[in-house]
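Undergrad: Structure supplied as entry_14.txt; contents: compact mmCIF, C-alpha atoms.
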```
# COMPACT_ATOMS: atom_id res chain seq x y z
CA MET Y 75 127.20 30.51 152.85
CA ASN Y 76 124.02 32.37 151.87
CA TRP Y 77 121.00 33.27 153.97
CA ASP Y 78 117.99 34.74 152.20
CA PRO Y 79 115.33 35.42 154.85
CA TRP Y 80 113.11 37.04 152.21
CA SER Y 81 113.08 37.29 148.45
CA GLY Y 82 111.65 39.63 145.85
CA CYS Y 83 112.96 43.07 144.91
CA TYR Y 84 112.44 46.00 142.53
CA LYS Y 85 114.49 48.75 140.95
CA VAL Y 86 115.73 51.51 143.19
CA SER Y 87 118.71 52.91 141.27
CA ASP Y 88 120.62 52.81 137.99
CA GLY Y 89 122.55 49.68 138.94
CA CYS Y 90 119.27 47.75 139.12
CA THR Y 91 118.39 48.30 135.46
CA TYR Y 92 119.80 44.98 134.24
CA CYS Y 93 119.92 43.15 137.55
CA TYR Y 94 121.26 39.64 137.03
CA TYR Y 95 118.73 38.35 139.56
CA TYR Y 96 115.47 40.21 138.87
CA GLY Y 97 116.24 42.22 135.74
CA PRO Y 98 114.35 42.03 132.43
CA PHE Y 99 116.60 39.27 131.07
CA SER Y 100 116.66 37.08 134.17
CA LYS Y 101 114.45 34.08 134.82
CA ARG Y 102 113.11 35.83 137.94
CA TYR Y 103 111.96 38.96 136.13
CA GLY Y 104 108.76 40.32 137.64
CA GLN Y 105 109.21 38.66 141.02
CA ASN Y 106 108.93 41.93 142.90
CA THR Y 107 106.62 40.74 145.66
CA VAL Y 108 108.71 40.65 148.82
CA GLN Y 109 107.98 37.58 150.93
CA LYS Y 110 109.58 35.44 153.60
CA THR Y 111 111.46 32.37 152.41
CA GLY Y 112 111.49 28.87 153.83
CA GLU Y 113 114.95 29.52 155.26
CA PHE Y 114 113.95 32.55 157.32
CA ASP Y 115 115.22 30.94 160.53
CA LYS Y 116 118.33 29.40 158.96
CA PRO Y 117 120.88 31.02 161.36
CA ILE Y 118 119.28 29.35 164.38
CA ALA Y 119 118.01 26.19 162.66
CA GLU Y 120 119.50 22.82 163.54
CA THR Y 121 120.09 19.61 161.62
CA THR Y 122 118.37 16.35 162.56
CA LYS Y 123 121.45 15.61 164.68
CA GLY Y 124 121.08 18.82 166.66
CA ALA Y 125 124.01 20.65 165.06
CA PRO Y 126 123.64 24.23 163.77
CA ARG Y 127 122.54 24.27 160.17
CA ILE Y 128 125.16 26.98 159.57
CA PRO Y 129 128.42 25.80 161.18
CA SER Y 130 130.42 28.14 163.38
CA GLY Y 131 132.98 30.36 161.67
CA LYS Y 132 131.12 30.84 158.39
CA ILE Y 133 130.74 34.09 156.46
CA VAL Y 134 127.02 34.53 155.76
CA ALA Y 135 126.03 36.56 152.69
CA THR Y 136 122.73 37.92 153.97
CA CYS Y 137 119.68 38.70 151.85
CA PHE Y 138 121.55 38.87 148.54
CA SER Y 139 118.34 37.83 146.71
CA SER Y 140 116.62 40.99 147.93
CA ASP Y 141 117.65 43.96 150.08
CA PHE Y 142 117.91 43.61 153.85
CA PHE Y 143 116.55 47.14 154.30
CA ILE Y 144 113.69 46.97 151.81
CA LYS Y 145 110.53 48.57 153.22
CA GLU Y 146 108.32 45.50 152.88
CA ALA Y 147 110.55 43.60 155.33
CA ASP Y 148 110.46 46.15 158.15
CA GLU Y 149 108.43 43.90 160.44
CA TRP Y 150 110.56 40.80 159.76
CA ARG Y 151 113.87 42.61 160.14
CA THR Y 152 113.49 42.88 163.92
CA GLU Y 153 113.39 39.08 164.14
CA ALA Y 154 116.26 38.77 161.68
CA TRP Y 155 118.44 41.03 163.85
CA ALA Y 156 117.60 38.88 166.87
CA MET Y 157 118.82 35.75 165.06
CA ILE Y 158 122.00 37.53 163.99
CA LYS Y 159 122.67 38.48 167.60
CA ARG Y 160 122.23 34.85 168.68
CA ARG Y 161 125.04 33.76 166.33
CA PRO Y 162 128.13 35.80 167.33
CA ASP Y 163 130.19 32.92 165.91
CA LEU Y 164 129.14 33.87 162.37
CA ASP Y 165 130.06 36.89 160.24
CA PHE Y 166 127.03 38.41 158.49
CA LEU Y 167 127.63 40.44 155.32
CA ILE Y 168 124.74 42.75 154.49
CA LEU Y 169 124.88 44.73 151.23
CA THR Y 170 122.28 47.38 150.45
CA LYS Y 171 121.23 49.97 147.89
CA ARG Y 172 118.84 51.40 150.49
CA ILE Y 173 121.26 52.71 153.09
CA GLU Y 174 118.89 55.59 153.90
CA ARG Y 175 116.63 52.98 155.54
CA PHE Y 176 119.36 51.62 157.80
CA PRO Y 177 117.88 53.07 161.05
CA VAL Y 178 114.47 51.43 160.46
CA SER Y 179 113.85 48.41 162.73
CA LEU Y 180 117.34 48.76 164.24
CA PRO Y 181 117.75 46.77 167.49
CA SER Y 182 117.62 48.79 170.71
CA ASP Y 183 120.99 47.36 171.78
CA TRP Y 184 122.75 48.10 168.48
CA ASN Y 185 124.76 51.01 169.94
CA ASP Y 186 127.71 51.35 167.52
CA GLY Y 187 127.03 48.00 165.88
CA TYR Y 188 127.36 44.25 166.37
CA ASP Y 189 130.87 42.81 166.06
CA ASN Y 190 129.63 40.09 163.71
CA VAL Y 191 127.89 42.38 161.21
CA ASN Y 192 129.58 44.01 158.23
CA ILE Y 193 127.35 46.51 156.40
CA GLY Y 194 128.05 47.28 152.76
CA CYS Y 195 126.75 50.19 150.70
CA THR Y 196 126.48 49.87 146.91
CA VAL Y 197 127.44 52.86 144.75
CA GLU Y 198 127.37 52.48 140.98
CA ASN Y 199 128.23 56.00 139.88
CA GLN Y 200 129.42 59.33 141.27
CA ALA Y 201 125.96 60.74 141.96
CA LEU Y 202 125.04 57.75 144.13
CA ALA Y 203 128.40 57.82 145.90
CA ASP Y 204 127.84 61.47 146.78
CA SER Y 205 124.31 60.87 148.04
CA ARG Y 206 124.66 57.51 149.80
CA LEU Y 207 128.11 57.53 151.35
CA PRO Y 208 127.73 60.61 153.60
CA LEU Y 209 124.66 58.91 155.07
CA PHE Y 210 126.47 55.58 155.33
CA LEU Y 211 129.35 57.16 157.23
CA SER Y 212 126.99 59.02 159.58
CA TYR Y 213 125.37 55.86 160.93
CA PRO Y 214 126.67 53.86 163.93
CA ILE Y 215 128.31 50.90 162.18
CA LYS Y 216 131.41 49.08 163.40
CA ARG Y 217 132.37 47.42 160.14
CA ARG Y 218 131.76 48.98 156.72
CA PHE Y 219 132.51 48.11 153.13
CA VAL Y 220 131.61 49.67 149.78
CA ALA Y 221 130.64 47.82 146.61
CA CYS Y 222 131.03 49.53 143.25
CA SER Y 223 129.09 46.87 141.46
CA PRO Y 224 128.08 47.22 138.76
CA LEU Y 225 130.72 49.89 138.20
CA LEU Y 226 129.16 52.19 135.59
CA GLU Y 227 131.64 55.05 135.42
CA LYS Y 228 134.78 56.51 136.95
CA ILE Y 229 134.11 57.32 140.61
CA ASP Y 230 136.06 59.43 143.10
CA LEU Y 231 135.59 57.87 146.54
CA SER Y 232 138.58 59.56 148.17
CA PRO Y 233 136.42 61.86 150.36
CA TYR Y 234 134.61 58.84 151.82
CA LEU Y 235 137.19 56.13 152.45
CA ASP Y 236 138.08 57.07 156.03
CA GLY Y 237 136.24 54.50 158.13
CA ILE Y 238 135.75 52.06 155.25
CA GLU Y 239 137.45 48.67 155.68
CA HIS Y 240 137.08 47.27 152.20
CA LEU Y 241 136.00 48.07 148.67
CA THR Y 242 134.72 45.64 146.03
CA ALA Y 243 134.46 46.53 142.35
CA GLY Y 244 132.89 44.58 139.52
CA GLY Y 245 131.30 44.86 136.12
CA GLU Y 246 127.75 44.18 135.00
CA THR Y 247 126.73 40.75 133.75
CA GLY Y 248 124.13 40.06 131.07
CA ARG Y 249 123.41 40.51 127.39
CA GLU Y 250 122.51 44.19 127.85
CA ALA Y 251 125.35 44.84 130.31
CA ARG Y 252 127.11 48.19 130.24
CA VAL Y 253 130.87 48.36 129.75
CA CYS Y 254 133.26 48.14 132.69
CA ASP Y 255 136.53 49.99 132.01
CA LEU Y 256 139.74 48.70 133.59
CA ASP Y 257 140.94 52.29 133.96
CA TRP Y 258 138.01 52.99 136.31
CA VAL Y 259 138.89 49.89 138.34
CA LEU Y 260 142.57 50.78 138.60
CA ASP Y 261 141.67 54.30 139.68
CA LEU Y 262 139.56 52.89 142.53
CA ARG Y 263 142.42 50.58 143.47
CA GLU Y 264 144.80 53.54 143.75
CA GLN Y 265 142.32 55.39 145.94
CA CYS Y 266 142.11 52.36 148.23
CA SER Y 267 145.89 51.96 148.33
CA ALA Y 268 146.31 55.59 149.38
CA ALA Y 269 143.65 55.23 152.09
CA GLY Y 270 144.80 51.85 153.44
CA VAL Y 271 141.60 50.13 152.34
CA THR Y 272 141.56 46.53 151.07
CA PHE Y 273 140.36 46.04 147.51
CA TRP Y 274 138.83 43.19 145.51
CA PHE Y 275 138.15 43.24 141.78
CA LYS Y 276 135.56 40.50 141.79
CA ASN Y 277 134.56 40.28 138.12
CA THR Y 278 135.01 42.01 134.77
CA GLY Y 279 131.39 42.01 133.71
CA SER Y 280 130.19 40.87 130.28
CA PHE Y 281 131.81 43.76 128.39
CA PHE Y 282 135.26 44.66 129.64
CA LYS Y 283 137.31 47.54 128.24
CA ARG Y 284 141.08 47.20 128.47
CA ASP Y 285 143.71 49.16 126.51
CA GLY Y 286 140.93 50.83 124.55
CA VAL Y 287 139.41 47.55 123.39
CA VAL Y 288 136.06 46.16 124.59
CA GLN Y 289 135.94 42.38 124.85
CA LYS Y 290 132.92 40.18 125.51
CA VAL Y 291 133.58 37.89 128.46
CA ASN Y 292 131.78 34.63 129.15
CA PRO Y 293 129.91 34.80 132.50
CA PHE Y 294 131.86 31.78 133.78
CA LYS Y 295 135.19 33.48 133.05
CA GLN Y 296 134.54 36.96 134.43
CA SER Y 297 135.78 36.27 137.97
CA GLY Y 298 138.80 34.33 136.73
CA LEU Y 299 139.86 37.10 134.36
CA ALA Y 300 139.55 39.68 137.11
CA LYS Y 301 141.70 37.52 139.39
CA GLU Y 302 144.34 37.01 136.69
CA LEU Y 303 145.00 40.75 136.64
CA GLY Y 304 146.45 40.47 140.16
CA ILE Y 305 145.28 43.88 141.32
CA ASP Y 306 143.57 42.92 144.60
CA ILE Y 307 144.76 44.46 147.86
CA PRO Y 308 144.26 41.62 150.35
CA GLY Y 309 143.30 41.93 153.98
CA ASP Y 310 140.76 40.49 156.40
CA ARG Y 311 139.22 37.46 154.70
CA ARG Y 312 135.96 38.05 156.57
CA LEU Y 313 135.26 40.87 154.16
CA PHE Y 314 134.93 38.87 150.93
```
Output the file's structure in the form of structure tokens.

TA:
Amino acid sequence: MNWDPWSGCYKVSDGCTYCYYYGPFSKRYGQNTVQKTGEFDKPIAETTKGAPRIPSGKIVATCFSSDFFIKEADEWRTEAWAMIKRRPDLDFLILTKRIERFPVSLPSDWNDGYDNVNIGCTVENQALADSRLPLFLSYPIKRRFVACSPLLEKIDLSPYLDGIEHLTAGGETGREARVCDLDWVLDLREQCSAAGVTFWFKNTGSFFKRDGVVQKVNPFKQSGLAKELGIDIPGDRRLF
């Protein structure tokens, strides 16, 4: 289940260069004005029969068409947090490339985090891992995951995995996508295995290197091919 309280985004790091959603080869290219959507109040909205529009027990991918912590949404985020608090029966997944803005508009009763909120930090390369993850780990968050997506190079996350519940890795999709190397993915998997962190290889990307050979993968087959490799480390299904 998705909830996009606002839409519109713009490049903030290397992983944004060929964004499948707003990048130069997407149909939404240039839509960088951040604005509220018509489903802003979706978590607390009801159907015509009075039932919650989002049924209890759902995992809610939150603001995946923008960034929950983008500056332009600072005023709206306070209200969004209030709606999240009103739905403790839902699990909200929030993934960001702007983890340095996490404290902005944080609820006064956040303390060490809400039980129903899982915050994810995206790191695409080693430089971003080294700059974002120390910040990420310093903030009061109960549930944390890391997304190496798009994975652009080999990354050593071993100094940062204590306190991380889950790691997702995936390649880049699109005609200008950069190569995703299986060796990088397997290295991340080994780091997770050693640290007791669950792992999900979600997709190969459009150009997938395996055994020294780069193959072009149809967008509709990228997730299936990743799954066929059987390298996931399963765990709490709330995480992905």

Undergrad: Using all atoms listed in the file, which residues sit within 9 Å of Y:Ile305 once same-chain residues fewer than 5 positions away are excluded, as a list in words?

TA: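 The residues satisfying every condition are Leu260, Arg263, Phe273, Trp274, Phe275 and Ala300 of chain Y.
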
Undergrad: Counting all atoms listed in the file, figure out which residue out of Y:Pro117, Y:Pro129, Y:Gly187, Y:Gly82 gets nearest to Y:Arg161.

TA: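 Selected residue with least distance to Y:Arg161: Y:Pro117.
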
Undergrad: Around all of stretch 165-179 of chain Y's listed atoms, make the axis-aligned box with 3 Å on each side and tell me centre and edge lengths in Å to one decimal, as AutoDock Vina command-line options.

TA:
```
--center_x 122.0 --center_y 46.2 --center_z 155.3 --size_x 22.2 --size_y 24.7 --size_z 20.8
```

Undergrad: Please determine the residues with any atom at most 7 Å from (132.0, 45.2, 146.0) (coordinates as given in the file, with all atoms listed in the file counting) and report them as a list of chain:residue names.

TA: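 Here is the list of nearby residues: Y:Val220, Y:Ala221, Y:Cys222, Y:Ser223, Y:Leu241, Y:Thr242, Y:Ala243, Y:Gly244.
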
Undergrad: What is the distance between atom CA of Y:Asp306 and atom CA of Y:Asn190, in Å to one decimal?

TA: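 Straight-line distance from atom CA of Y:Asp306 to atom CA of Y:Asn190 works out to 23.8 Å.
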
Undergrad: Rank Y:Gly194, Y:Gly279, Y:Gly237, Y:Pro181 by their smallest atom-to-atom distance to Y:Gly298, using only C-alpha atoms, and report the top residue only.

TA: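 Looking at the shortest contact to Y:Gly298, the residue is Y:Gly279.
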
Undergrad: From the options Y:Trp155, Y:Phe219, Y:Tyr84, Y:Trp77, which residue's atoms come nearest to Y:Tyr188, counting all atoms listed in the file?

TA: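 Selected residue with least distance to Y:Tyr188: Y:Trp155.
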
Undergrad: With distances taken over all atoms listed in the file, which of Y:Asp255, Y:Glu239, Y:Asp204, Y:Asp189 is nearest to Y:Leu225?

TA: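 Of the candidates, the smallest distance to Y:Leu225 is held by Y:Asp255.
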
Undergrad: Restricting the calculation to only C-alpha atoms: of Y:Arg127, Y:His240, Y:Lys171, Y:Arg102, which residue gets closest to Y:Gly270?

TA: Y:His240

Undergrad: Here is a test: counting all atoms listed in the file, which residue of Y:Ile144, Y:Leu164, Y:Val291, Y:Val86 is nearest to Y:Cys254?

TA: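 For Y:Cys254, the nearest of the candidates is Y:Val291.
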
Undergrad: Work out how far atom CA of Y:Leu209 is from atom CA of Y:Phe176, in Å to one decimal.

TA: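 Taking atom CA of Y:Phe176 and atom CA of Y:Leu209, their separation equals 9.4 Å.
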
Undergrad: Applying 12 Å and all atoms listed in the file, which residues near Y:Leu299 remain after dropping the ones on its own chain fewer than 2 positions away? List them as a ChimeraX atom specification.

TA: /Y:244-245,256,275-280,282,284,289-297,301-305

Undergrad: Could you write out that same residue set with C-alpha atoms as a JSON list (two decimals), in the frame of the given file?

TA:
```
[["chain", "number", "residue", "atom", "x", "y", "z"],
["Y", 244, "GLY", "CA", 132.89, 44.58, 139.52],
["Y", 245, "GLY", "CA", 131.30, 44.86, 136.12],
["Y", 256, "LEU", "CA", 139.74, 48.70, 133.59],
["Y", 275, "PHE", "CA", 138.15, 43.24, 141.78],
["Y", 276, "LYS", "CA", 135.56, 40.50, 141.79],
["Y", 277, "ASN", "CA", 134.56, 40.28, 138.12],
["Y", 278, "THR", "CA", 135.01, 42.01, 134.77],
["Y", 279, "GLY", "CA", 131.39, 42.01, 133.71],
["Y", 280, "SER", "CA", 130.19, 40.87, 130.28],
["Y", 282, "PHE", "CA", 135.26, 44.66, 129.64],
["Y", 284, "ARG", "CA", 141.08, 47.20, 128.47],
["Y", 289, "GLN", "CA", 135.94, 42.38, 124.85],
["Y", 290, "LYS", "CA", 132.92, 40.18, 125.51],
["Y", 291, "VAL", "CA", 133.58, 37.89, 128.46],
["Y", 292, "ASN", "CA", 131.78, 34.63, 129.15],
["Y", 293, "PRO", "CA", 129.91, 34.80, 132.50],
["Y", 294, "PHE", "CA", 131.86, 31.78, 133.78],
["Y", 295, "LYS", "CA", 135.19, 33.48, 133.05],
["Y", 296, "GLN", "CA", 134.54, 36.96, 134.43],
["Y", 297, "SER", "CA", 135.78, 36.27, 137.97],
["Y", 301, "LYS", "CA", 141.70, 37.52, 139.39],
["Y", 302, "GLU", "CA", 144.34, 37.01, 136.69],
["Y", 303, "LEU", "CA", 145.00, 40.75, 136.64],
["Y", 304, "GLY", "CA", 146.45, 40.47, 140.16],
["Y", 305, "ILE", "CA", 145.28, 43.88, 141.32]]
```

Undergrad: So that I can check the surroundings of Y:Ile128, please list as number ranges by chain every protein, DNA and RNA residue that reaches within 9 Å of it, counting only C-alpha atoms and ignoring chain neighbours fewer than 5 positions away.

TA: Y: 75, 116-120, 134, 164

Undergrad: Could you dump the residues just selected with C-alpha atoms as a JSON list (two decimals), in the frame of the given file?

TA:
```json
[["chain", "number", "residue", "atom", "x", "y", "z"],
["Y", 75, "MET", "CA", 127.20, 30.51, 152.85],
["Y", 116, "LYS", "CA", 118.33, 29.40, 158.96],
["Y", 117, "PRO", "CA", 120.88, 31.02, 161.36],
["Y", 118, "ILE", "CA", 119.28, 29.35, 164.38],
["Y", 119, "ALA", "CA", 118.01, 26.19, 162.66],
["Y", 120, "GLU", "CA", 119.50, 22.82, 163.54],
["Y", 134, "VAL", "CA", 127.02, 34.53, 155.76],
["Y", 164, "LEU", "CA", 129.14, 33.87, 162.37]]
```

Undergrad: Please, can stretch 204-230 of chain Y be completed to N, CA, C and O atoms and returned as a PDB file, keeping the file's coordinate frame?

TA:
```pdb
ATOM      1  N   ASP Y 204     127.957  60.204 146.072  1.00  0.00           N
ATOM      2  CA  ASP Y 204     127.840  61.470 146.780  1.00  0.00           C
ATOM      3  C   ASP Y 204     126.568  61.574 147.612  1.00  0.00           C
ATOM      4  O   ASP Y 204     126.523  62.338 148.586  1.00  0.00           O
ATOM      5  N   SER Y 205     125.546  60.824 147.263  1.00  0.00           N
ATOM      6  CA  SER Y 205     124.310  60.870 148.040  1.00  0.00           C
ATOM      7  C   SER Y 205     124.256  59.801 149.127  1.00  0.00           C
ATOM      8  O   SER Y 205     123.768  60.051 150.235  1.00  0.00           O
ATOM      9  N   ARG Y 206     124.774  58.608 148.839  1.00  0.00           N
ATOM     10  CA  ARG Y 206     124.660  57.510 149.800  1.00  0.00           C
ATOM     11  C   ARG Y 206     125.779  57.478 150.840  1.00  0.00           C
ATOM     12  O   ARG Y 206     125.520  57.164 152.009  1.00  0.00           O
ATOM     13  N   LEU Y 207     126.989  57.753 150.430  1.00  0.00           N
ATOM     14  CA  LEU Y 207     128.110  57.530 151.350  1.00  0.00           C
ATOM     15  C   LEU Y 207     128.148  58.497 152.542  1.00  0.00           C
ATOM     16  O   LEU Y 207     128.523  58.076 153.642  1.00  0.00           O
ATOM     17  N   PRO Y 208     127.796  59.775 152.396  1.00  0.00           N
ATOM     18  CA  PRO Y 208     127.730  60.610 153.600  1.00  0.00           C
ATOM     19  C   PRO Y 208     126.747  60.054 154.632  1.00  0.00           C
ATOM     20  O   PRO Y 208     127.015  60.077 155.843  1.00  0.00           O
ATOM     21  N   LEU Y 209     125.609  59.544 154.163  1.00  0.00           N
ATOM     22  CA  LEU Y 209     124.660  58.910 155.070  1.00  0.00           C
ATOM     23  C   LEU Y 209     125.271  57.664 155.709  1.00  0.00           C
ATOM     24  O   LEU Y 209     125.189  57.476 156.929  1.00  0.00           O
ATOM     25  N   PHE Y 210     125.849  56.829 154.876  1.00  0.00           N
ATOM     26  CA  PHE Y 210     126.470  55.580 155.330  1.00  0.00           C
ATOM     27  C   PHE Y 210     127.484  55.843 156.440  1.00  0.00           C
ATOM     28  O   PHE Y 210     127.500  55.158 157.474  1.00  0.00           O
ATOM     29  N   LEU Y 211     128.305  56.854 156.253  1.00  0.00           N
ATOM     30  CA  LEU Y 211     129.350  57.160 157.230  1.00  0.00           C
ATOM     31  C   LEU Y 211     128.784  57.826 158.487  1.00  0.00           C
ATOM     32  O   LEU Y 211     129.455  57.841 159.529  1.00  0.00           O
ATOM     33  N   SER Y 212     127.573  58.346 158.411  1.00  0.00           N
ATOM     34  CA  SER Y 212     126.990  59.020 159.580  1.00  0.00           C
ATOM     35  C   SER Y 212     126.334  58.044 160.540  1.00  0.00           C
ATOM     36  O   SER Y 212     126.074  58.395 161.695  1.00  0.00           O
ATOM     37  N   TYR Y 213     126.071  56.829 160.103  1.00  0.00           N
ATOM     38  CA  TYR Y 213     125.370  55.860 160.930  1.00  0.00           C
ATOM     39  C   TYR Y 213     126.324  55.103 161.850  1.00  0.00           C
ATOM     40  O   TYR Y 213     127.509  54.929 161.526  1.00  0.00           O
ATOM     41  N   PRO Y 214     125.823  54.617 162.992  1.00  0.00           N
ATOM     42  CA  PRO Y 214     126.670  53.860 163.930  1.00  0.00           C
ATOM     43  C   PRO Y 214     126.874  52.426 163.419  1.00  0.00           C
ATOM     44  O   PRO Y 214     126.032  51.558 163.613  1.00  0.00           O
ATOM     45  N   ILE Y 215     127.987  52.202 162.755  1.00  0.00           N
ATOM     46  CA  ILE Y 215     128.310  50.900 162.180  1.00  0.00           C
ATOM     47  C   ILE Y 215     129.768  50.589 162.476  1.00  0.00           C
ATOM     48  O   ILE Y 215     130.654  51.400 162.181  1.00  0.00           O
ATOM     49  N   LYS Y 216     130.040  49.434 163.054  1.00  0.00           N
ATOM     50  CA  LYS Y 216     131.410  49.080 163.400  1.00  0.00           C
ATOM     51  C   LYS Y 216     132.246  48.698 162.197  1.00  0.00           C
ATOM     52  O   LYS Y 216     133.419  49.020 162.104  1.00  0.00           O
ATOM     53  N   ARG Y 217     131.638  47.955 161.281  1.00  0.00           N
ATOM     54  CA  ARG Y 217     132.370  47.420 160.140  1.00  0.00           C
ATOM     55  C   ARG Y 217     131.646  47.801 158.855  1.00  0.00           C
ATOM     56  O   ARG Y 217     130.476  47.495 158.685  1.00  0.00           O
ATOM     57  N   ARG Y 218     132.376  48.466 157.939  1.00  0.00           N
ATOM     58  CA  ARG Y 218     131.760  48.980 156.720  1.00  0.00           C
ATOM     59  C   ARG Y 218     132.568  48.573 155.497  1.00  0.00           C
ATOM     60  O   ARG Y 218     133.797  48.583 155.519  1.00  0.00           O
ATOM     61  N   PHE Y 219     131.843  48.275 154.413  1.00  0.00           N
ATOM     62  CA  PHE Y 219     132.510  48.110 153.130  1.00  0.00           C
ATOM     63  C   PHE Y 219     131.652  48.761 152.051  1.00  0.00           C
ATOM     64  O   PHE Y 219     130.462  49.032 152.243  1.00  0.00           O
ATOM     65  N   VAL Y 220     132.287  49.049 150.913  1.00  0.00           N
ATOM     66  CA  VAL Y 220     131.610  49.670 149.780  1.00  0.00           C
ATOM     67  C   VAL Y 220     131.715  48.742 148.587  1.00  0.00           C
ATOM     68  O   VAL Y 220     132.757  48.131 148.357  1.00  0.00           O
ATOM     69  N   ALA Y 221     130.634  48.622 147.831  1.00  0.00           N
ATOM     70  CA  ALA Y 221     130.640  47.820 146.610  1.00  0.00           C
ATOM     71  C   ALA Y 221     130.312  48.710 145.415  1.00  0.00           C
ATOM     72  O   ALA Y 221     129.227  49.283 145.352  1.00  0.00           O
ATOM     73  N   CYS Y 222     131.273  48.843 144.520  1.00  0.00           N
ATOM     74  CA  CYS Y 222     131.030  49.530 143.250  1.00  0.00           C
ATOM     75  C   CYS Y 222     130.702  48.465 142.227  1.00  0.00           C
ATOM     76  O   CYS Y 222     131.558  48.034 141.443  1.00  0.00           O
ATOM     77  N   SER Y 223     129.481  48.009 142.273  1.00  0.00           N
ATOM     78  CA  SER Y 223     129.090  46.870 141.460  1.00  0.00           C
ATOM     79  C   SER Y 223     127.594  46.926 141.180  1.00  0.00           C
ATOM     80  O   SER Y 223     126.800  46.858 142.127  1.00  0.00           O
ATOM     81  N   PRO Y 224     127.201  47.098 139.910  1.00  0.00           N
ATOM     82  CA  PRO Y 224     128.080  47.220 138.760  1.00  0.00           C
ATOM     83  C   PRO Y 224     128.725  48.615 138.689  1.00  0.00           C
ATOM     84  O   PRO Y 224     128.058  49.627 138.956  1.00  0.00           O
ATOM     85  N   LEU Y 225     129.994  48.629 138.357  1.00  0.00           N
ATOM     86  CA  LEU Y 225     130.720  49.890 138.200  1.00  0.00           C
ATOM     87  C   LEU Y 225     130.356  50.462 136.833  1.00  0.00           C
ATOM     88  O   LEU Y 225     130.669  49.877 135.805  1.00  0.00           O
ATOM     89  N   LEU Y 226     129.706  51.631 136.830  1.00  0.00           N
ATOM     90  CA  LEU Y 226     129.160  52.190 135.590  1.00  0.00           C
ATOM     91  C   LEU Y 226     129.934  53.382 135.060  1.00  0.00           C
ATOM     92  O   LEU Y 226     129.703  53.815 133.924  1.00  0.00           O
ATOM     93  N   GLU Y 227     130.839  53.915 135.867  1.00  0.00           N
ATOM     94  CA  GLU Y 227     131.640  55.050 135.420  1.00  0.00           C
ATOM     95  C   GLU Y 227     132.799  55.261 136.388  1.00  0.00           C
ATOM     96  O   GLU Y 227     132.885  54.600 137.429  1.00  0.00           O
ATOM     97  N   LYS Y 228     133.687  56.160 136.049  1.00  0.00           N
ATOM     98  CA  LYS Y 228     134.780  56.510 136.950  1.00  0.00           C
ATOM     99  C   LYS Y 228     134.198  57.204 138.189  1.00  0.00           C
ATOM    100  O   LYS Y 228     133.329  58.076 138.073  1.00  0.00           O
ATOM    101  N   ILE Y 229     134.647  56.775 139.365  1.00  0.00           N
ATOM    102  CA  ILE Y 229     134.110  57.320 140.610  1.00  0.00           C
ATOM    103  C   ILE Y 229     135.255  57.762 141.526  1.00  0.00           C
ATOM    104  O   ILE Y 229     136.222  57.021 141.720  1.00  0.00           O
ATOM    105  N   ASP Y 230     135.105  58.938 142.100  1.00  0.00           N
ATOM    106  CA  ASP Y 230     136.060  59.430 143.100  1.00  0.00           C
ATOM    107  C   ASP Y 230     135.471  59.175 144.488  1.00  0.00           C
ATOM    108  O   ASP Y 230     134.528  59.838 144.912  1.00  0.00           O
TER     109      ASP Y 230
END
```
